[in-house]
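Comments concern the structure below.
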Amino acid sequence: QRIVGTSQGGTLVVAVLRTAGSSRDLPDAGSDNSQITHGLRACGRDEARHRVNAMTDASNHLYVHVPFCDGKCGYCGFYSERYTPEHAERFLKAIEEEIRRILPGTSEPETIYFGGGTPSILSDTELAELCSVLLDRISIRHLREWTVEANPGTLSPAKLRVLKEAGVNRISLGAQSFDDETLRRIGRRHDAGAIARTMSEVRSAGISNIGLDL
């Protein structure tokens, strides 16, 4: 995998996930010893070939890193910095420039992933701007999954409405533990009750695909 991105003021602003290799590097889709084909056997040869090609096409999968959090957990090795509106404003300006530079207007990704950091730490207005900048450069007619990472207690009806209307259909929720003492020891800023409340809010917004990080 190769990450393409840039930085402004020390902030990683965007990364496009690219899968190494190409379809010609893979075993023939009809080969009995092809593990990929074996896993897609029920799809039929044409559909299997389409999915194999999709998995190796860099333009089909997009990752955007949102590097802001409201604190740093002791176990976290990902790049992040504390959220401020001023940092978010700089980030959104920089990411717009980067997206326009990297993405052709014909991009039609099958998956989008907003990771971090904590993307849901952005305000509803900031989330709307980020989604708008991206949607100006891509088509989502072939989109299968759009995931946004979130922490319990950082979503709101307004934020969820923005994400749902943009096309987000999956939330990855950083639960980590259902034990309050464990959450405190690892530096989380939420309790176990916030997990259930946030899950309920997500479902009420019409997003039923929810992943829990434990």
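Identifiers in this document derive from the order of the structure tokens: chains are assigned A, B, ..., residues are numbered from 1 separately in each chain, and ligands are numbered from 1 in order of occurrence.
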For region 84-200 of chain A against region 66-78 of chain A, with a cut-off of 9 Å and counting only C-alpha atoms, what is the closest atom pair and its distance in Å to one decimal for every residue that makes the cut, ordered by chain and number, as a tab-separated table?
residue	atom	partner	partner_atom	distance
A:Thr84	CA	A:Phe68	CA	8.3
A:His87	CA	A:Phe68	CA	8.6
A:Ala88	CA	A:Phe68	CA	8.1
A:Phe91	CA	A:Val66	CA	8.4
A:Phe114	CA	A:Val66	CA	6.9
A:Gly115	CA	A:Val66	CA	6.0
A:Gly116	CA	A:Val66	CA	4.8
A:Gly117	CA	A:Pro67	CA	4.3
A:Thr118	CA	A:Cys69	CA	5.3
A:Pro119	CA	A:Val66	CA	5.3
A:Ser120	CA	A:Cys69	CA	8.9
A:Ile121	CA	A:Cys69	CA	6.5
A:Leu122	CA	A:Phe68	CA	8.0
A:Arg185	CA	A:Gly74	CA	8.6
A:Ile186	CA	A:Gly74	CA	5.6
A:Gly187	CA	A:Cys73	CA	4.7
A:Arg188	CA	A:Cys73	CA	6.1
A:Arg189	CA	A:Gly71	CA	7.9
With N, CA and C atoms retained, could you export that selection as a compact mmCIF listing (two decimals), in the first residue's frame?
# COMPACT_ATOMS: atom_id res chain seq x y z
N THR A 84 -8.79 22.31 17.29
CA THR A 84 -9.21 23.68 17.52
C THR A 84 -9.90 24.14 16.24
N HIS A 87 -7.26 25.22 13.68
CA HIS A 87 -6.59 24.11 13.00
C HIS A 87 -7.52 23.48 11.96
N ALA A 88 -8.77 23.34 12.32
CA ALA A 88 -9.74 22.73 11.38
C ALA A 88 -9.89 23.59 10.13
N PHE A 91 -6.91 23.02 7.97
CA PHE A 91 -6.99 21.67 7.42
C PHE A 91 -7.94 21.62 6.22
N PHE A 114 -13.16 7.80 6.15
CA PHE A 114 -12.64 8.94 6.90
C PHE A 114 -12.10 8.40 8.22
N GLY A 115 -10.77 8.43 8.39
CA GLY A 115 -10.16 7.95 9.62
C GLY A 115 -9.41 9.05 10.33
N GLY A 116 -8.77 8.68 11.43
CA GLY A 116 -8.07 9.71 12.17
C GLY A 116 -7.11 9.14 13.20
N GLY A 117 -6.86 9.98 14.25
CA GLY A 117 -7.71 11.07 14.59
C GLY A 117 -9.15 10.66 14.88
N THR A 118 -9.98 11.67 15.01
CA THR A 118 -11.41 11.47 15.25
C THR A 118 -12.18 12.38 14.30
N PRO A 119 -12.55 11.89 13.12
CA PRO A 119 -13.28 12.74 12.17
C PRO A 119 -14.52 13.39 12.77
N SER A 120 -15.18 12.68 13.68
CA SER A 120 -16.43 13.21 14.24
C SER A 120 -16.20 14.36 15.22
N ILE A 121 -14.94 14.70 15.49
CA ILE A 121 -14.66 15.85 16.36
C ILE A 121 -14.94 17.15 15.61
N LEU A 122 -14.95 17.10 14.28
CA LEU A 122 -15.29 18.28 13.49
C LEU A 122 -16.72 18.71 13.76
N ARG A 185 -8.38 4.14 32.51
CA ARG A 185 -6.95 3.82 32.53
C ARG A 185 -6.28 3.99 31.18
N ILE A 186 -7.01 3.76 30.09
CA ILE A 186 -6.39 3.88 28.76
C ILE A 186 -6.54 5.28 28.17
N GLY A 187 -7.14 6.18 28.94
CA GLY A 187 -7.18 7.58 28.54
C GLY A 187 -8.36 7.99 27.68
N ARG A 188 -9.41 7.16 27.69
CA ARG A 188 -10.60 7.54 26.93
C ARG A 188 -11.36 8.64 27.66
N ARG A 189 -12.08 9.46 26.89
CA ARG A 189 -12.82 10.59 27.47
C ARG A 189 -14.31 10.33 27.51
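With CA of Glu86 (chain A) on one side and CA of Val202 (chain A) on the other, the separation reads 27.6 Å.
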Could you pull out the strand (DSSP E or B) residues of region 33-172 of chain A, going by DSSP on the backbone, and write them as JSON, numbers by chain?
{"A": [61, 62, 63, 64, 65, 66, 68, 69, 81, 82, 107, 111, 112, 113, 114, 115, 116, 138, 145, 146, 147, 148, 149, 150, 170, 171, 172]}
Within 8 Å of Asn169 (chain A) using only C-alpha atoms, minus same-chain residues under 2 positions, as a list in words
Glu145, Trp146, Thr147, Lys164, Gly167, Ile171, Ile207, Ser208 and Asn209 of chain A
May I have the residues from that selection written out with N, CA and C atoms, as a compact mmCIF listing (two decimals), in the first residue's frame?
# COMPACT_ATOMS: atom_id res chain seq x y z
N GLU A 145 -19.58 1.55 0.10
CA GLU A 145 -19.48 1.82 1.54
C GLU A 145 -18.70 3.10 1.78
N TRP A 146 -19.26 3.94 2.64
CA TRP A 146 -18.59 5.17 3.08
C TRP A 146 -18.59 5.16 4.59
N THR A 147 -17.41 4.97 5.16
CA THR A 147 -17.26 4.85 6.61
C THR A 147 -16.67 6.12 7.20
N LYS A 164 -25.27 11.48 6.70
CA LYS A 164 -26.27 10.67 6.01
C LYS A 164 -26.62 11.28 4.66
N GLY A 167 -24.02 10.71 1.97
CA GLY A 167 -23.90 9.35 1.45
C GLY A 167 -23.22 8.38 2.38
N ILE A 171 -20.71 3.72 10.24
CA ILE A 171 -19.97 4.41 11.30
C ILE A 171 -19.10 3.39 12.02
N ILE A 207 -28.59 5.14 9.87
CA ILE A 207 -27.36 4.41 9.54
C ILE A 207 -27.32 3.15 10.40
N SER A 208 -27.51 2.01 9.75
CA SER A 208 -27.62 0.76 10.51
C SER A 208 -26.33 -0.05 10.52
N ASN A 209 -25.37 0.30 9.66
CA ASN A 209 -24.10 -0.43 9.61
C ASN A 209 -23.12 0.23 10.57
Which residues are near Val133 (chain A)? Cut-off 9 Å, only C-alpha atoms, ignore same chain within fewer than 5 positions. Put them as a ChimeraX atom specification.
/A:92,95-96,99-100,128
Could the residues in this selection be saved with N, CA and C atoms as an mmCIF file, in the first residue's frame?
data_model
loop_
_atom_site.group_PDB
_atom_site.id
_atom_site.type_symbol
_atom_site.label_atom_id
_atom_site.label_comp_id
_atom_site.auth_asym_id
_atom_site.auth_seq_id
_atom_site.Cartn_x
_atom_site.Cartn_y
_atom_site.Cartn_z
ATOM 1 N N LEU A 92 -9.114 22.219 6.359
ATOM 2 C CA LEU A 92 -10.109 22.163 5.289
ATOM 3 C C LEU A 92 -9.636 22.904 4.038
ATOM 4 N N ILE A 95 -6.904 20.599 2.533
ATOM 5 C CA ILE A 95 -7.416 19.348 1.966
ATOM 6 C C ILE A 95 -8.162 19.612 0.659
ATOM 7 N N GLU A 96 -8.796 20.778 0.543
ATOM 8 C CA GLU A 96 -9.448 21.114 -0.719
ATOM 9 C C GLU A 96 -8.412 21.217 -1.836
ATOM 10 N N ILE A 99 -7.167 17.555 -2.595
ATOM 11 C CA ILE A 99 -8.140 16.741 -3.311
ATOM 12 C C ILE A 99 -8.231 17.165 -4.772
ATOM 13 N N ARG A 100 -8.205 18.455 -5.012
ATOM 14 C CA ARG A 100 -8.255 18.941 -6.395
ATOM 15 C C ARG A 100 -7.005 18.538 -7.163
ATOM 16 N N ALA A 128 -19.722 19.132 6.859
ATOM 17 C CA ALA A 128 -20.429 19.427 5.613
ATOM 18 C C ALA A 128 -19.466 19.969 4.568
#
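Computed from the coordinates, the CA of Leu214 (chain A) to CA of Leu160 (chain A) distance equals 22.2 Å.
CA of Ile140 (chain A) is found 17.0 Å from CA of Ile102 (chain A).
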Please, which residues of region 98-174 of chain A, numbered as in this document, come out helix (DSSP H, G or I) from DSSP, as a PyMOL selection string?
chain A and resi 98-102+119-121+124-135+157-166
Just-selected residues, C-alpha atoms written as a PDB file, in the first residue's frame:
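Result file selection-v2.pdb:
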ATOM      1  CA  GLU A  98      -4.942  18.412  -2.139  1.00  0.00           C
ATOM      2  CA  ILE A  99      -8.140  16.741  -3.311  1.00  0.00           C
ATOM      3  CA  ARG A 100      -8.255  18.941  -6.395  1.00  0.00           C
ATOM      4  CA  ARG A 101      -4.634  18.053  -7.136  1.00  0.00           C
ATOM      5  CA  ILE A 102      -4.915  14.289  -6.586  1.00  0.00           C
ATOM      6  CA  PRO A 119     -13.279  12.744  12.172  1.00  0.00           C
ATOM      7  CA  SER A 120     -16.428  13.211  14.244  1.00  0.00           C
ATOM      8  CA  ILE A 121     -14.663  15.845  16.360  1.00  0.00           C
ATOM      9  CA  ASP A 124     -21.397  19.781  11.620  1.00  0.00           C
ATOM     10  CA  THR A 125     -20.444  22.774   9.444  1.00  0.00           C
ATOM     11  CA  GLU A 126     -16.884  21.504   9.060  1.00  0.00           C
ATOM     12  CA  LEU A 127     -18.069  17.992   8.227  1.00  0.00           C
ATOM     13  CA  ALA A 128     -20.429  19.427   5.613  1.00  0.00           C
ATOM     14  CA  GLU A 129     -17.561  21.383   4.052  1.00  0.00           C
ATOM     15  CA  LEU A 130     -15.297  18.324   3.984  1.00  0.00           C
ATOM     16  CA  CYS A 131     -17.969  16.161   2.352  1.00  0.00           C
ATOM     17  CA  SER A 132     -18.829  18.906  -0.137  1.00  0.00           C
ATOM     18  CA  VAL A 133     -15.205  19.329  -1.210  1.00  0.00           C
ATOM     19  CA  LEU A 134     -14.938  15.601  -1.811  1.00  0.00           C
ATOM     20  CA  LEU A 135     -18.271  15.244  -3.611  1.00  0.00           C
ATOM     21  CA  PRO A 157     -28.173  14.722  15.242  1.00  0.00           C
ATOM     22  CA  ALA A 158     -26.872  17.622  13.147  1.00  0.00           C
ATOM     23  CA  LYS A 159     -23.571  15.888  12.359  1.00  0.00           C
ATOM     24  CA  LEU A 160     -25.308  12.613  11.554  1.00  0.00           C
ATOM     25  CA  ARG A 161     -27.758  14.382   9.262  1.00  0.00           C
ATOM     26  CA  VAL A 162     -24.839  15.913   7.336  1.00  0.00           C
ATOM     27  CA  LEU A 163     -23.114  12.546   6.985  1.00  0.00           C
ATOM     28  CA  LYS A 164     -26.270  10.668   6.009  1.00  0.00           C
ATOM     29  CA  GLU A 165     -27.207  13.236   3.363  1.00  0.00           C
ATOM     30  CA  ALA A 166     -23.676  13.117   1.915  1.00  0.00           C
TER      31      ALA A 166
END
